[in-house]
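Take a look at the structure below.
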Amino acid sequence: MTETVRWGILGPGAIARTFATAVDALDGHEVTATGSRDPDRARAFNVERGYGAAEAGTYADLAGSGAVDAVYVATPHSGHLEHAALALRQGKAVLCEKPLAVNASEARSMCGIAQRHGVLLMEAMWSRFLPATRQAAGWLKAGAIGEPRRLDCSFGFSAEFDAESRLYDPELAGGSLLDIGCYTLSLAALVFGDAVTGPEAPELEVECELALTGVDRHCGMTLRFPSGAEAHLESSTCRQTDHTAVIEGTEGHIEIHRFWRARRTVLYRGDERVVTAEFPFLANGFEYQAREMERLLREGARESPLLPHAESIALLELMDEARRRMGVRYPFESAVGVTQQAS
């Protein structure tokens with residue numbers, strides 16, 4: 001690896017622009033190549049971003065480029081396995097947009113490819129790497145609120161129904177659960193750890209509303225653990241919700257404001273506010289996952305201890321079960337959790 005982390009962006013869409021903005025703000029990081037199904041789109045992206053010296057080509061061109069250390073996979077969910085595998089097999093580290101894959105079967109395949117090729121792979125669950133989230137995790141680890149007993153966490157917005165939109169298209173693995181519900185599950189894993197991601201799955205209750213295309217436009221989940229603790233999670237693409245996550249413990253509680261893009265977290269003991277911690281972004285928040293990738297690359301690591309492969313897989317197993325209960329299955333799946341093209 002060179003002194004600078006050289007990024008290739010696979011899929012030059014809206015989320016790629018957000019990531020590129022973060023990379024541009026970091027010293028020691030640069031975008032050196034862009035790949036698209038249509039190379040003209042890759043070239044247009046480079047022109048728009050001012051990446052005059054960056055390569056532009058197909059996905060395969062990007063995966064095989066000698067000018068790239070790490071690939072950011074920014075395509076729709078349905079393409080994650082195929083596109084991440086393309087880069088991993090060429091020895092490129094991969095930061096793959098959340099969720100890591102459409103289902104647990106795909107995620108296991110992707111992680112297996114990374115392990116066989118000895119390459120770094122990390123899910124781009126950017127909220128987990130934010131300083132405000134890390135602060136809340138530190139308080140939990142230190143026992144600042146005692147034993148966590150309840151999590152209330154919702155992420156919802158109102159998007160007009162469009163059958164061809166990524167949010168509602170089953171061919172692109174649309175629906176609120178995979179698009180934004182994964183954020184709420186990720187926070188539950190941070191709070192309750194092995195009770196969420198361990199070998200014994202928590203008791204799960206699911207309620208939903210389906211869009212006309214058959215994907216979920218609203219999903220409510222309750223996770224119940226043997227300790228009696230509970231996580232109440234909600235995702236929606238048809239209604240606005242309060243994005244403040246509340247973690248209640250036996251001795252206090254933590255509030256994470258706009259938890260999925262948190263810049264502020266507050267610690268309470270009883271009803272008394274003890275600490276308000278503010279963490280302004282350097283850019284837009286995506287820079288922290290890029291920094292984690294840099295750290296892992298320089299250490300020669302294959303996965304992040306902050307978000308290991310096993311957790312990404314376990315959360316997709318929960319999402320698979322939630323979709324099974326909702327009756328949401330994508331056209332390219334032979335059954336929920338089993339993808340025909342997985343390999």
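Going through the structure tokens in order, the chains are called A, B, and so on, while each chain numbers its residues from 1 and the ligands are numbered from 1 in the order shown.
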
Please identify which residues in segment 14-152 of chain A DSSP calls helix (DSSP H, G or I) from the backbone, and express them as a PyMOL selection string. chain A and resi 14-24+39-49+59-63+77-88+104-117+126-129+131-141

Selection from above, C-alpha atoms, as an mmCIF file, in the first residue's frame, can you write it?
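Listing of result32.cif after writing:
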```cif
data_model
loop_
_atom_site.group_PDB
_atom_site.id
_atom_site.type_symbol
_atom_site.label_atom_id
_atom_site.label_comp_id
_atom_site.auth_asym_id
_atom_site.auth_seq_id
_atom_site.Cartn_x
_atom_site.Cartn_y
_atom_site.Cartn_z
ATOM 1 C CA ALA A 14 -25.914 9.447 -4.957
ATOM 2 C CA ILE A 15 -24.389 7.536 -2.043
ATOM 3 C CA ALA A 16 -21.065 7.401 -3.899
ATOM 4 C CA ARG A 17 -21.080 11.194 -4.083
ATOM 5 C CA THR A 18 -21.543 11.343 -0.316
ATOM 6 C CA PHE A 19 -18.635 8.980 0.240
ATOM 7 C CA ALA A 20 -16.445 10.826 -2.253
ATOM 8 C CA THR A 21 -17.098 14.100 -0.415
ATOM 9 C CA ALA A 22 -15.834 12.483 2.793
ATOM 10 C CA VAL A 23 -12.734 11.054 1.079
ATOM 11 C CA ASP A 24 -11.950 14.457 -0.433
ATOM 12 C CA PRO A 39 -18.097 3.771 -18.556
ATOM 13 C CA ASP A 40 -19.496 7.105 -19.722
ATOM 14 C CA ARG A 41 -21.196 7.479 -16.337
ATOM 15 C CA ALA A 42 -17.880 6.799 -14.627
ATOM 16 C CA ARG A 43 -16.192 9.444 -16.755
ATOM 17 C CA ALA A 44 -18.997 11.925 -16.048
ATOM 18 C CA PHE A 45 -18.650 11.275 -12.310
ATOM 19 C CA ASN A 46 -14.927 11.977 -12.438
ATOM 20 C CA VAL A 47 -15.490 15.204 -14.352
ATOM 21 C CA GLU A 48 -18.220 16.315 -11.944
ATOM 22 C CA ARG A 49 -15.991 15.588 -8.931
ATOM 23 C CA TYR A 59 -16.709 -2.672 -12.896
ATOM 24 C CA ALA A 60 -14.133 -5.194 -14.112
ATOM 25 C CA ASP A 61 -11.736 -2.398 -15.085
ATOM 26 C CA LEU A 62 -11.993 -0.973 -11.578
ATOM 27 C CA ALA A 63 -11.502 -4.342 -9.874
ATOM 28 C CA HIS A 77 -28.390 -4.139 -2.484
ATOM 29 C CA SER A 78 -29.044 -6.727 -5.168
ATOM 30 C CA GLY A 79 -25.588 -6.152 -6.666
ATOM 31 C CA HIS A 80 -23.480 -6.220 -3.511
ATOM 32 C CA LEU A 81 -22.382 -9.850 -3.657
ATOM 33 C CA GLU A 82 -21.496 -9.823 -7.348
ATOM 34 C CA HIS A 83 -19.636 -6.529 -7.233
ATOM 35 C CA ALA A 84 -17.822 -7.059 -3.951
ATOM 36 C CA ALA A 85 -16.731 -10.516 -5.099
ATOM 37 C CA LEU A 86 -15.354 -9.032 -8.321
ATOM 38 C CA ALA A 87 -13.044 -6.748 -6.333
ATOM 39 C CA LEU A 88 -12.152 -9.266 -3.609
ATOM 40 C CA ALA A 104 -27.310 -14.143 5.186
ATOM 41 C CA SER A 105 -26.521 -16.684 2.476
ATOM 42 C CA GLU A 106 -25.034 -13.957 0.303
ATOM 43 C CA ALA A 107 -23.147 -12.466 3.248
ATOM 44 C CA ARG A 108 -21.601 -15.833 4.112
ATOM 45 C CA SER A 109 -20.521 -16.228 0.487
ATOM 46 C CA MET A 110 -18.977 -12.752 0.415
ATOM 47 C CA CYS A 111 -17.115 -13.223 3.683
ATOM 48 C CA GLY A 112 -15.895 -16.626 2.517
ATOM 49 C CA ILE A 113 -14.461 -15.099 -0.651
ATOM 50 C CA ALA A 114 -12.681 -12.425 1.395
ATOM 51 C CA GLN A 115 -11.221 -15.036 3.737
ATOM 52 C CA ARG A 116 -10.068 -17.320 0.922
ATOM 53 C CA HIS A 117 -8.313 -14.450 -0.824
ATOM 54 C CA TRP A 126 -21.189 4.241 8.797
ATOM 55 C CA SER A 127 -23.200 5.015 11.933
ATOM 56 C CA ARG A 128 -21.148 2.488 13.928
ATOM 57 C CA PHE A 129 -17.925 4.431 13.375
ATOM 58 C CA PRO A 131 -17.537 9.431 17.406
ATOM 59 C CA ALA A 132 -20.943 9.991 19.047
ATOM 60 C CA THR A 133 -21.806 6.309 18.626
ATOM 61 C CA ARG A 134 -18.389 5.303 19.926
ATOM 62 C CA GLN A 135 -18.960 7.538 22.963
ATOM 63 C CA ALA A 136 -22.287 5.855 23.715
ATOM 64 C CA ALA A 137 -20.598 2.459 23.348
ATOM 65 C CA GLY A 138 -17.914 3.571 25.803
ATOM 66 C CA TRP A 139 -20.522 4.582 28.366
ATOM 67 C CA LEU A 140 -22.244 1.230 27.998
ATOM 68 C CA LYS A 141 -18.991 -0.674 28.412
#
```

I'd like the contact shell of Thr213 of chain A - 8 Å cut-off, only C-alpha atoms, skipping same-chain residues fewer than 2 positions apart - returned as a ChimeraX atom specification. /A:163,168-170,210-211,215

So which bits of segment 164-314 of chain A end up strand (DSSP E or B) when you DSSP the backbone, as a VMD selection string? chain A and resid 203 to 210 216 to 224 230 to 236 238 245 to 249 253 to 257 264 to 269 272 to 278 304 307

At what distance in Å, to one decimal, does atom CA of Leu267 of chain A lie from atom CA of Leu130 of chain A? 16.7 Å

Neighbour list for segment 177-186 of chain A as a VMD selection string, cut-off 7 Å, only C-alpha atoms, skip fewer than 4 positions in-chain: chain A and resid 99 153 to 155 190 219 233 to 235 260 315

Dump N, CA, C and O atoms for the selected residues as a PDB file, in the first residue's frame?
```pdb
ATOM      1  N   PRO A  99     -27.072  -2.925   3.711  1.00  0.00           N
ATOM      2  CA  PRO A  99     -26.520  -4.063   4.443  1.00  0.00           C
ATOM      3  C   PRO A  99     -25.481  -4.764   3.581  1.00  0.00           C
ATOM      4  O   PRO A  99     -25.481  -4.612   2.354  1.00  0.00           O
ATOM      5  N   CYS A 153     -35.762   2.613  19.170  1.00  0.00           N
ATOM      6  CA  CYS A 153     -34.999   3.154  18.049  1.00  0.00           C
ATOM      7  C   CYS A 153     -35.841   3.085  16.780  1.00  0.00           C
ATOM      8  O   CYS A 153     -36.340   2.006  16.421  1.00  0.00           O
ATOM      9  N   SER A 154     -36.020   4.218  16.116  1.00  0.00           N
ATOM     10  CA  SER A 154     -36.793   4.218  14.874  1.00  0.00           C
ATOM     11  C   SER A 154     -36.111   5.097  13.834  1.00  0.00           C
ATOM     12  O   SER A 154     -35.428   6.062  14.164  1.00  0.00           O
ATOM     13  N   PHE A 155     -36.314   4.718  12.601  1.00  0.00           N
ATOM     14  CA  PHE A 155     -35.783   5.479  11.463  1.00  0.00           C
ATOM     15  C   PHE A 155     -36.866   5.429  10.389  1.00  0.00           C
ATOM     16  O   PHE A 155     -37.117   4.383   9.792  1.00  0.00           O
ATOM     17  N   LEU A 190     -25.058  -3.239  19.036  1.00  0.00           N
ATOM     18  CA  LEU A 190     -24.098  -2.484  19.822  1.00  0.00           C
ATOM     19  C   LEU A 190     -24.490  -2.480  21.301  1.00  0.00           C
ATOM     20  O   LEU A 190     -23.645  -2.624  22.185  1.00  0.00           O
ATOM     21  N   CYS A 219     -41.881  -1.419   8.886  1.00  0.00           N
ATOM     22  CA  CYS A 219     -41.560  -2.651   9.619  1.00  0.00           C
ATOM     23  C   CYS A 219     -41.321  -2.316  11.086  1.00  0.00           C
ATOM     24  O   CYS A 219     -40.520  -1.423  11.402  1.00  0.00           O
ATOM     25  N   LEU A 233     -37.795  -1.694  17.642  1.00  0.00           N
ATOM     26  CA  LEU A 233     -37.185  -1.122  16.451  1.00  0.00           C
ATOM     27  C   LEU A 233     -38.243  -0.856  15.387  1.00  0.00           C
ATOM     28  O   LEU A 233     -39.180  -1.642  15.226  1.00  0.00           O
ATOM     29  N   GLU A 234     -38.066   0.213  14.637  1.00  0.00           N
ATOM     30  CA  GLU A 234     -39.047   0.588  13.620  1.00  0.00           C
ATOM     31  C   GLU A 234     -38.332   1.200  12.433  1.00  0.00           C
ATOM     32  O   GLU A 234     -37.403   1.987  12.586  1.00  0.00           O
ATOM     33  N   SER A 235     -38.775   0.835  11.229  1.00  0.00           N
ATOM     34  CA  SER A 235     -38.278   1.463  10.008  1.00  0.00           C
ATOM     35  C   SER A 235     -39.453   1.742   9.094  1.00  0.00           C
ATOM     36  O   SER A 235     -40.420   0.979   9.052  1.00  0.00           O
ATOM     37  N   TRP A 260     -28.691   7.615  13.517  1.00  0.00           N
ATOM     38  CA  TRP A 260     -28.043   7.021  12.349  1.00  0.00           C
ATOM     39  C   TRP A 260     -26.987   7.947  11.745  1.00  0.00           C
ATOM     40  O   TRP A 260     -26.155   7.511  10.953  1.00  0.00           O
ATOM     41  N   LEU A 315     -26.970 -10.324  11.761  1.00  0.00           N
ATOM     42  CA  LEU A 315     -28.061  -9.358  11.594  1.00  0.00           C
ATOM     43  C   LEU A 315     -28.853  -9.643  10.323  1.00  0.00           C
ATOM     44  O   LEU A 315     -30.071  -9.454  10.285  1.00  0.00           O
TER      45      LEU A 315
END
```
